[in-house]
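Shown here: run.cif, mmCIF, C-alpha atoms.
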```cif
data_final
#
loop_
_atom_site.label_atom_id
_atom_site.label_comp_id
_atom_site.auth_asym_id
_atom_site.auth_seq_id
_atom_site.Cartn_x
_atom_site.Cartn_y
_atom_site.Cartn_z
CA MET T 1 88.19 119.25 94.59
CA ARG T 2 90.68 117.11 92.66
CA GLU T 3 90.13 119.38 89.68
CA ARG T 4 90.67 122.49 91.73
CA GLU T 5 93.95 121.16 93.11
CA ASP T 6 95.18 120.12 89.68
CA GLU T 7 94.46 123.62 88.48
CA TRP T 8 96.55 125.03 91.34
CA THR T 9 99.44 122.77 90.41
CA ASP T 10 99.28 123.92 86.78
CA LEU T 11 99.11 127.58 87.79
CA MET T 12 102.10 127.22 90.12
CA ARG T 13 104.14 125.57 87.38
CA LEU T 14 103.26 128.45 85.05
CA ALA T 15 104.15 130.96 87.77
CA ILE T 16 107.57 129.42 88.29
CA SER T 17 108.20 129.45 84.55
CA GLY T 18 107.69 133.23 84.70
CA ASP T 19 103.96 133.81 84.18
CA ASP T 20 103.08 136.63 86.64
CA ALA T 21 99.38 136.56 85.75
CA ALA T 22 99.14 132.84 86.53
CA TYR T 23 100.80 133.48 89.88
CA HIS T 24 98.31 136.24 90.65
CA ARG T 25 95.41 133.93 89.75
CA LEU T 26 96.82 131.16 91.91
CA LEU T 27 97.19 133.38 94.98
CA LYS T 28 93.66 134.69 94.41
CA ALA T 29 92.33 131.14 94.12
CA ILE T 30 93.94 129.77 97.27
CA THR T 31 93.09 132.75 99.49
CA PRO T 32 89.40 131.90 100.20
CA VAL T 33 90.37 128.33 101.03
CA LEU T 34 93.05 129.51 103.43
CA ARG T 35 90.67 132.02 104.94
CA ALA T 36 87.98 129.43 105.60
CA ALA T 37 90.51 127.10 107.18
CA ALA T 38 92.06 129.84 109.34
CA ARG T 39 88.61 130.74 110.56
CA ARG T 40 87.77 127.19 111.44
CA GLY T 41 91.06 126.84 113.30
CA LEU T 42 90.48 130.03 115.28
CA ALA T 43 86.90 129.08 116.08
CA ARG T 44 87.96 125.68 117.35
CA ALA T 45 90.57 127.32 119.60
CA GLY T 46 87.90 129.65 120.97
CA GLN T 47 89.53 132.67 119.37
CA PRO T 48 87.71 135.51 117.57
CA VAL T 49 87.61 134.69 113.86
CA ASP T 50 88.22 138.31 112.87
CA GLN T 51 91.96 137.67 113.25
CA SER T 52 91.91 135.20 110.39
CA GLU T 53 93.10 137.72 107.82
CA ASP T 54 96.44 138.18 109.59
CA ILE T 55 96.97 134.42 109.40
CA VAL T 56 96.00 134.37 105.72
CA GLN T 57 98.59 137.05 104.98
CA ASP T 58 101.21 135.17 107.00
CA ILE T 59 100.56 132.04 104.94
CA LEU T 60 100.68 133.93 101.63
CA LEU T 61 104.04 135.47 102.51
CA ALA T 62 105.46 132.07 103.48
CA VAL T 63 104.12 130.49 100.27
CA HIS T 64 105.84 133.21 98.30
CA LEU T 65 109.20 133.12 100.08
CA LYS T 66 109.43 129.31 100.30
CA ARG T 67 108.35 128.48 96.76
CA GLN T 68 111.73 126.93 96.05
CA THR T 69 110.89 124.11 98.47
CA TRP T 70 108.01 122.95 96.30
CA ASP T 71 108.93 120.06 94.03
CA THR T 72 107.43 120.99 90.64
CA SER T 73 106.73 117.36 89.86
CA ALA T 74 104.56 116.95 92.98
CA PRO T 75 100.99 118.17 93.50
CA PHE T 76 100.81 121.70 94.93
CA ALA T 77 98.00 121.30 97.49
CA PRO T 78 99.79 119.08 100.07
CA TRP T 79 102.72 121.49 100.09
CA LEU T 80 100.40 124.47 100.49
CA PHE T 81 98.42 122.85 103.30
CA ALA T 82 101.61 121.90 105.14
CA ILE T 83 102.73 125.54 105.15
CA ALA T 84 99.26 126.76 106.08
CA ARG T 85 98.99 124.31 108.94
CA ASN T 86 102.41 125.34 110.27
CA LYS T 87 101.45 129.03 110.17
CA LEU T 88 98.08 128.44 111.80
CA ILE T 89 99.68 126.47 114.64
CA ASP T 90 102.22 129.28 115.04
CA ALA T 91 99.50 131.91 115.21
CA LEU T 92 97.50 129.97 117.80
CA ARG T 93 100.61 129.30 119.85
CA ARG T 94 101.42 132.99 119.85
CA ARG T 95 97.97 133.57 121.28
CA GLY T 96 98.78 131.11 124.02
CA LYS T 97 96.72 128.28 122.63
CA ARG T 98 98.22 124.86 122.17
CA ILE T 99 95.97 123.07 119.84
CA PHE T 100 96.01 120.26 117.38
CA VAL T 101 95.26 121.58 113.93
CA ASN T 102 93.55 119.12 111.69
CA ILE T 103 95.01 118.89 108.21
CA ASP T 104 91.48 118.29 106.95
CA ASP T 105 90.69 121.87 107.92
CA PHE T 106 92.43 122.80 104.71
CA ALA T 107 91.56 119.93 102.46
CA GLU T 108 87.85 119.93 103.23
CA THR T 109 86.85 123.40 102.17
CA LEU T 110 83.68 123.16 100.15
CA PRO T 111 83.85 124.66 96.67
CA GLY T 112 80.92 126.99 97.38
CA GLU T 113 82.47 128.36 100.57
CA THR T 114 84.12 131.70 99.77
CA PRO T 115 84.11 133.89 102.86
CA GLU T 116 85.02 137.54 102.47
CA PRO T 117 87.61 139.11 104.76
CA THR T 118 85.98 140.35 107.95
CA ALA T 119 88.32 142.76 109.63
CA SER T 120 91.13 144.74 108.11
CA PRO T 121 94.36 142.93 108.98
CA GLY T 122 96.72 144.93 111.11
CA GLU T 123 99.90 142.98 111.57
CA VAL T 124 101.46 143.33 108.11
CA THR T 125 100.48 147.00 107.98
CA ALA T 126 102.05 147.64 111.38
CA GLN T 127 105.32 145.91 110.48
CA LEU T 128 105.41 147.75 107.16
CA GLN T 129 106.00 150.97 109.08
CA ALA T 130 109.11 149.49 110.69
CA LEU T 131 110.84 148.76 107.36
CA PRO T 132 113.70 150.88 106.00
CA ALA T 133 112.31 153.88 104.10
CA ARG T 134 113.29 152.68 100.62
CA GLN T 135 111.72 149.22 101.03
CA ARG T 136 108.60 150.74 102.58
CA ASP T 137 108.18 153.26 99.76
CA VAL T 138 108.53 150.59 97.10
CA LEU T 139 106.14 148.19 98.82
CA GLN T 140 103.60 150.92 99.38
CA SER T 141 103.83 152.13 95.80
CA ILE T 142 103.19 148.64 94.41
CA ALA T 143 100.69 147.44 97.03
CA VAL T 144 98.65 150.52 97.85
CA ASP T 145 99.03 152.72 94.77
CA SER T 146 99.06 149.62 92.50
CA ALA T 147 101.94 151.08 90.52
CA SER T 148 103.93 148.78 88.25
CA ILE T 149 107.62 148.11 88.83
CA LYS T 150 108.36 150.44 85.93
CA ASP T 151 106.26 153.30 87.31
CA THR T 152 107.69 152.81 90.77
CA ALA T 153 111.20 153.01 89.36
CA ALA T 154 110.35 156.28 87.60
CA LYS T 155 108.66 157.74 90.69
CA PHE T 156 111.66 157.19 92.98
CA SER T 157 114.26 157.62 90.18
CA MET T 158 115.58 154.11 90.76
CA THR T 159 116.45 151.44 88.22
CA GLU T 160 113.88 148.66 87.74
CA GLY T 161 116.46 146.22 89.07
CA ALA T 162 116.83 148.25 92.26
CA VAL T 163 113.03 148.33 92.67
CA ARG T 164 112.88 144.54 92.31
CA VAL T 165 115.61 144.10 94.91
CA ALA T 166 113.94 146.52 97.35
CA LEU T 167 110.60 144.78 96.78
CA HIS T 168 111.96 141.33 97.52
CA ARG T 169 114.04 142.47 100.49
CA GLY T 170 111.01 144.33 101.83
CA LEU T 171 108.83 141.22 101.66
CA ALA T 172 111.57 139.10 103.24
CA SER T 173 112.19 141.46 106.15
CA LEU T 174 108.46 141.93 106.64
CA THR T 175 108.17 138.17 107.07
CA GLU T 176 111.12 138.12 109.44
CA LYS T 177 109.56 140.82 111.61
CA LEU T 178 106.25 138.97 111.70
CA ARG T 179 108.01 135.78 112.75
CA ASP T 180 110.11 137.33 115.50
CA ARG T 181 107.49 139.67 116.92
CA MET L 1 97.60 146.49 103.53
CA ASP L 2 94.61 144.35 102.60
CA THR L 3 95.01 140.86 101.21
CA ASP L 4 94.34 141.83 97.59
CA GLN L 5 97.09 144.40 97.82
CA LEU L 6 99.46 141.88 99.33
CA ILE L 7 98.67 139.40 96.55
CA ARG L 8 99.38 142.05 93.93
CA THR L 9 102.71 142.79 95.61
CA LEU L 10 103.69 139.11 95.76
CA ALA L 11 102.79 138.67 92.09
CA ALA L 12 105.01 141.64 91.25
CA ASP L 13 107.90 139.78 92.92
CA ASN L 14 107.29 136.63 90.86
CA ALA L 15 110.54 137.11 88.94
CA TYR L 16 112.63 136.54 92.06
CA ARG L 17 114.32 133.17 92.16
CA ALA L 18 115.83 131.85 95.37
CA ARG L 19 118.85 129.56 95.24
CA PRO L 20 117.94 125.87 95.30
CA ILE L 21 118.49 124.57 98.84
CA GLY L 22 121.04 121.98 97.76
CA LEU L 23 123.20 124.71 96.26
CA ALA L 24 122.70 127.04 99.24
CA LEU L 25 123.74 124.26 101.61
CA MET L 26 126.78 123.35 99.53
CA LEU L 27 128.01 126.95 99.29
CA ALA L 28 127.52 127.51 103.01
CA LEU L 29 129.47 124.33 103.85
CA LEU L 30 132.26 125.30 101.46
CA ALA L 31 132.49 128.68 103.17
CA ALA L 32 132.66 127.08 106.63
CA ALA L 33 135.08 124.25 105.75
CA PRO L 34 138.28 126.37 105.86
CA VAL L 35 137.54 127.34 109.47
CA SER L 36 137.20 123.69 110.49
CA LEU L 37 140.33 122.73 108.55
CA LEU L 38 142.23 125.56 110.22
CA ILE L 39 141.28 124.18 113.64
CA PHE L 40 142.38 120.73 112.47
CA PHE L 41 145.78 121.71 111.11
CA ALA L 42 146.54 124.16 113.91
CA GLU L 43 145.64 121.78 116.75
CA LEU L 44 145.85 118.22 115.43
CA GLY L 45 147.22 117.44 111.97
CA VAL L 46 147.29 114.13 110.11
CA ARG L 47 148.85 111.23 112.04
CA PRO L 48 152.48 110.65 111.03
CA ASP L 49 152.05 106.99 110.08
CA VAL L 50 149.12 107.65 107.77
CA MET L 51 150.72 105.82 104.82
CA THR L 52 151.00 102.54 106.69
CA ALA L 53 147.68 103.09 108.44
CA MET L 54 145.96 103.14 105.06
CA HIS L 55 146.70 99.44 104.68
CA ASN L 56 144.71 98.72 107.82
CA PRO L 57 141.09 98.06 106.81
CA PHE L 58 139.86 99.34 110.18
CA PHE L 59 141.51 102.69 109.55
CA ASP L 60 139.68 102.90 106.22
CA LEU L 61 136.41 101.79 107.79
CA LYS L 62 136.39 104.90 110.00
CA PHE L 63 136.02 106.96 106.83
CA ALA L 64 133.30 104.70 105.50
CA VAL L 65 131.31 105.28 108.70
CA THR L 66 131.81 109.05 108.91
CA LEU L 67 131.28 109.66 105.19
CA ALA L 68 128.14 107.52 105.24
CA LEU L 69 126.89 109.62 108.15
CA ALA L 70 127.66 112.88 106.34
CA ALA L 71 126.11 111.75 103.06
CA SER L 72 122.93 110.32 104.53
CA ALA L 73 122.47 113.35 106.83
CA ILE L 74 122.88 115.70 103.86
CA ALA L 75 120.21 113.77 101.94
CA VAL L 76 117.85 113.77 104.93
CA SER L 77 118.50 117.49 105.58
CA LEU L 78 117.50 118.37 102.03
CA HIS L 79 114.42 116.20 102.31
CA LEU L 80 113.39 117.76 105.65
CA SER L 81 113.69 121.27 104.23
CA ARG L 82 110.33 120.73 102.51
CA PRO L 83 107.30 121.69 104.60
CA GLU L 84 105.34 118.50 103.96
CA ALA L 85 108.27 116.15 104.65
CA SER L 86 108.84 114.07 107.75
CA LEU L 87 111.50 111.64 108.96
CA ARG L 88 109.19 108.74 108.24
CA SER L 89 110.11 108.19 104.61
CA PHE L 90 113.85 108.93 104.63
CA GLY L 91 114.87 108.67 108.28
CA TRP L 92 116.16 105.11 107.90
CA TRP L 93 118.99 106.48 105.74
CA LEU L 94 120.59 107.61 108.99
CA LEU L 95 120.86 103.95 110.01
CA ILE L 96 123.33 103.23 107.19
CA PRO L 97 126.43 104.47 109.09
CA ALA L 98 125.27 102.57 112.18
CA GLY L 99 124.94 99.44 110.04
CA ILE L 100 128.49 99.81 108.71
CA LEU L 101 129.72 100.29 112.26
CA VAL L 102 127.97 97.15 113.52
CA ALA L 103 129.43 95.15 110.61
CA ALA L 104 132.91 96.53 111.40
CA ILE L 105 132.60 95.59 115.08
CA SER L 106 131.56 92.04 114.23
CA GLY L 107 134.43 91.84 111.74
CA GLU L 108 136.93 92.89 114.38
CA MET L 109 135.44 90.43 116.91
CA MET L 110 136.12 87.55 114.54
CA MET L 111 139.79 88.41 114.15
CA PRO L 112 142.54 87.51 116.62
CA GLN L 113 143.47 90.62 118.63
CA ARG L 114 146.61 91.53 120.50
CA THR L 115 144.92 94.02 122.83
CA PRO L 116 141.90 93.30 125.04
CA MET L 117 138.50 94.64 124.08
CA MET L 118 138.23 97.29 126.80
CA THR L 119 141.66 98.69 125.92
CA ARG L 120 140.62 99.07 122.31
CA LEU L 121 137.33 100.65 123.31
CA ILE L 122 138.88 103.19 125.66
CA GLY L 123 141.81 103.91 123.36
CA LYS L 124 144.24 106.77 123.81
CA ASN L 125 142.43 109.68 122.18
CA SER L 126 138.98 109.66 123.70
CA MET L 127 139.20 113.18 125.13
CA ALA L 128 140.73 114.58 121.93
CA CYS L 129 137.95 112.94 119.97
CA MET L 130 135.26 114.36 122.24
CA THR L 131 136.58 117.90 121.97
CA ALA L 132 137.95 117.98 118.41
CA ILE L 133 134.85 116.66 116.66
CA PRO L 134 132.46 119.17 118.30
CA ALA L 135 134.95 122.04 117.83
CA MET L 136 135.45 121.29 114.14
CA SER L 137 131.73 120.69 113.69
CA LEU L 138 130.63 124.04 115.01
CA PRO L 139 131.64 126.18 112.00
CA LEU L 140 130.12 123.57 109.67
CA LEU L 141 126.93 123.47 111.73
CA ILE L 142 126.55 127.23 111.59
CA GLY L 143 127.13 127.10 107.83
CA ALA L 144 124.66 124.25 107.36
CA LEU L 145 121.95 126.05 109.34
CA TYR L 146 122.56 129.22 107.34
CA GLY L 147 122.15 127.32 104.06
CA LEU L 148 119.10 125.42 105.29
CA ARG L 149 117.32 128.65 106.22
CA GLN L 150 116.19 128.69 102.58
CA GLY L 151 114.05 125.72 103.48
CA ALA L 152 110.78 125.37 105.36
CA PRO L 153 111.07 122.40 107.74
CA ALA L 154 107.94 121.31 109.58
CA ARG L 155 110.00 120.58 112.70
CA PRO L 156 112.95 122.97 112.97
CA ALA L 157 114.52 121.19 115.95
CA VAL L 158 114.60 117.85 114.10
CA ALA L 159 116.02 119.50 110.99
CA GLY L 160 118.64 121.19 113.20
CA ALA L 161 119.62 117.87 114.78
CA VAL L 162 120.12 116.34 111.33
CA ALA L 163 122.22 119.37 110.36
CA GLY L 164 124.27 118.55 113.49
CA LEU L 165 124.71 114.97 112.26
CA LEU L 166 125.91 116.14 108.88
CA SER L 167 128.46 118.55 110.35
CA ALA L 168 129.66 115.93 112.83
CA GLY L 169 130.01 113.43 109.95
CA LEU L 170 132.17 115.84 107.97
CA ALA L 171 134.24 116.91 110.99
CA ALA L 172 134.76 113.28 112.07
CA THR L 173 135.95 112.37 108.57
CA VAL L 174 138.79 114.86 108.91
CA TYR L 175 139.43 113.99 112.55
CA ALA L 176 139.71 110.27 111.68
CA SER L 177 142.93 110.98 109.78
CA HIS L 178 144.50 112.27 113.01
CA CYS L 179 143.25 109.68 115.45
CA THR L 180 145.41 106.59 116.00
CA ASP L 181 142.56 104.59 117.51
CA ASP L 182 141.19 102.52 114.66
CA SER L 183 139.08 100.00 116.52
CA PRO L 184 135.39 100.14 115.52
CA LEU L 185 134.66 99.84 119.24
CA PHE L 186 136.42 103.15 119.82
CA VAL L 187 134.54 104.75 116.92
CA ALA L 188 131.20 103.38 118.13
CA THR L 189 131.78 104.83 121.61
CA TRP L 190 133.56 108.14 121.29
CA TYR L 191 132.65 109.27 117.79
CA THR L 192 129.04 108.49 118.59
CA LEU L 193 129.15 110.49 121.82
CA ALA L 194 130.76 113.45 120.07
CA THR L 195 128.16 113.23 117.29
CA ALA L 196 125.34 113.14 119.82
CA ILE L 197 126.66 116.33 121.42
CA VAL L 198 126.75 118.10 118.04
CA ALA L 199 123.26 116.84 117.14
CA SER L 200 121.86 118.22 120.42
CA VAL L 201 123.49 121.59 119.81
CA GLY L 202 122.07 121.47 116.27
CA ALA L 203 118.57 120.78 117.60
CA LEU L 204 118.78 123.73 120.00
CA MET L 205 120.13 126.10 117.35
CA GLY L 206 117.84 124.82 114.62
CA LYS L 207 114.76 125.32 116.74
CA ARG L 208 115.25 129.06 116.40
CA ALA L 209 117.28 129.38 113.21
CA LEU L 210 115.16 127.15 110.98
CA ARG L 211 111.72 128.49 111.89
CA TYR L 212 110.06 130.10 108.94
#
```
For the structure just supplied, provide its representation as structure tokens.
Amino acid sequence: MREREDEWTDLMRLAISGDDAAYHRLLKAITPVLRAAARRGLARAGQPVDQSEDIVQDILLAVHLKRQTWDTSAPFAPWLFAIARNKLIDALRRRGKRIFVNIDDFAETLPGETPEPTASPGEVTAQLQALPARQRDVLQSIAVDSASIKDTAAKFSMTEGAVRVALHRGLASLTEKLRDR
Amino acid sequence: MDTDQLIRTLAADNAYRARPIGLALMLALLAAAPVSLLIFFAELGVRPDVMTAMHNPFFDLKFAVTLALAASAIAVSLHLSRPEASLRSFGWWLLIPAGILVAAISGEMMMPQRTPMMTRLIGKNSMACMTAIPAMSLPLLIGALYGLRQGAPARPAVAGAVAGLLSAGLAATVYASHCTDDSPLFVATWYTLATAIVASVGALMGKRALRY
């Protein structure tokens, strides 16, 4: 567990220094842990666990957009679990459940426990449709068609800089819509 | 969008760098400050005897209290903008201005005074103080909340209240140069009340504005 969390910290430091592949690996590595914890939280609140994927996506978006609040000299896991806990509480509250979420839900995931996503998450997809056309096109091109920034720029005859801006704005307004829904 | 697709999209946005929160807060406060100063110079202005007042240690102590409040609230605000942070480790910083105030009151008590205690406490400017500090704080509070939106506070209402303290500290620093009541008893009563009003407004606004 210690080892796993040290690895996360290293990956996040690499990501912030500009290593996109390390960032991708980090997000991949934390997702099963977040998923298991979201499921446990939902189960304890008596909610169907098939909504866990929406919560996982919520957490990932917050991790991405709030990275600047992580102190690079501190371990990554406590920061991650604080965000995850906040998002899980939010999700349960939105479903009308007031519940105490145990921080250990996140810290205690067993290494062997790697649940697969159950249901296809709907909330991000639904909000995606409400974005301005340009942001939606760029997000869809990169997410669904797995095009690179370069290819996306060529496809919509935009500059790469404009694609990057649309991508970031799209992710930010997606998050905003999810929060205010 | 499934989670793998979302992860790929987030990784593609890895190059984006948000402004550090300290910088975002500073820029937002600098943008809001002219509005507060405009209110000050249009409605109040510096007291005419400011040059002689500066030789009065109790006049200077007002600035020590308000600046200590602003500085400690800025530090606590930045700390609280991290998701894993709480008031537990840094909250005592907010007691520094209160400590200075208590020391100033005891200092004044030990000196011979021409005016009775209640007269000094009630002063002449209590209503001006109670309206000017909140009015000048409001632009700064809005600015502070805007800057702090970069953060991810665990308790948005608490973070908003501290943002209220920091704007009240800054506004009171400017207001102190207008006010002719220099007694620490006056400061402890009216400045504190005005600050409490701003902190409550900050908590209410922060609850919505600082959610992430």
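The coordinates place atom CA of L:Ala209 at 24.6 Å from atom CA of L:Ile39.
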Item to check | Output of the PyMOL selection byres ((chain T) within 8 of (chain L)), listed as an MDAnalysis selection string | outcome: chainID T and resid 15:16 18:21 23:24 27:28 53 56:57 60:62 64 66 68:70 78:79 82:83 86 120:122 124:125 139 142:144 146 148:149 164 167:168 179
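Atom pair atom CA of L:Ser177 / atom CA of L:Val46 has a distance of 5.4 Å (rounded to one decimal).
Interatomic distance, atom CA of T:Ala22 to atom CA of T:Arg136: 25.8 Å.
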Item to check | Evaluate the PyMOL selection byres ((chain L and resi 62) around 9) and report residues as a ChimeraX atom specification | outcome: /L:57-61,63-67,101,172-173,176-177,182-184,187
Item to check | Shell around stretch 129-140 of chain L at 9 Å using only C-alpha atoms, local window under 2 positions removed, as a PyMOL selection string | outcome: chain L and resi 28-33+35-40+43-44+125-127+142-145+163-164+166-172+174-176+179+190-191+193-195+197-198+201
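Nearest to L:Leu94 of all the residues L:Ser72, L:Gln113, L:Ser77, L:Thr52 is L:Ser72, counting only C-alpha atoms.
Residue membership of the PyMOL selection byres ((chain T and resi 174-178) around 8) in the shown file amounts to Asp58, Leu61, Ala62, Glu123, Val124, Gln127, Leu128, Leu131, Gly170, Leu171, Ala172, Ser173, Arg179, Asp180 and Arg181 of chain T.
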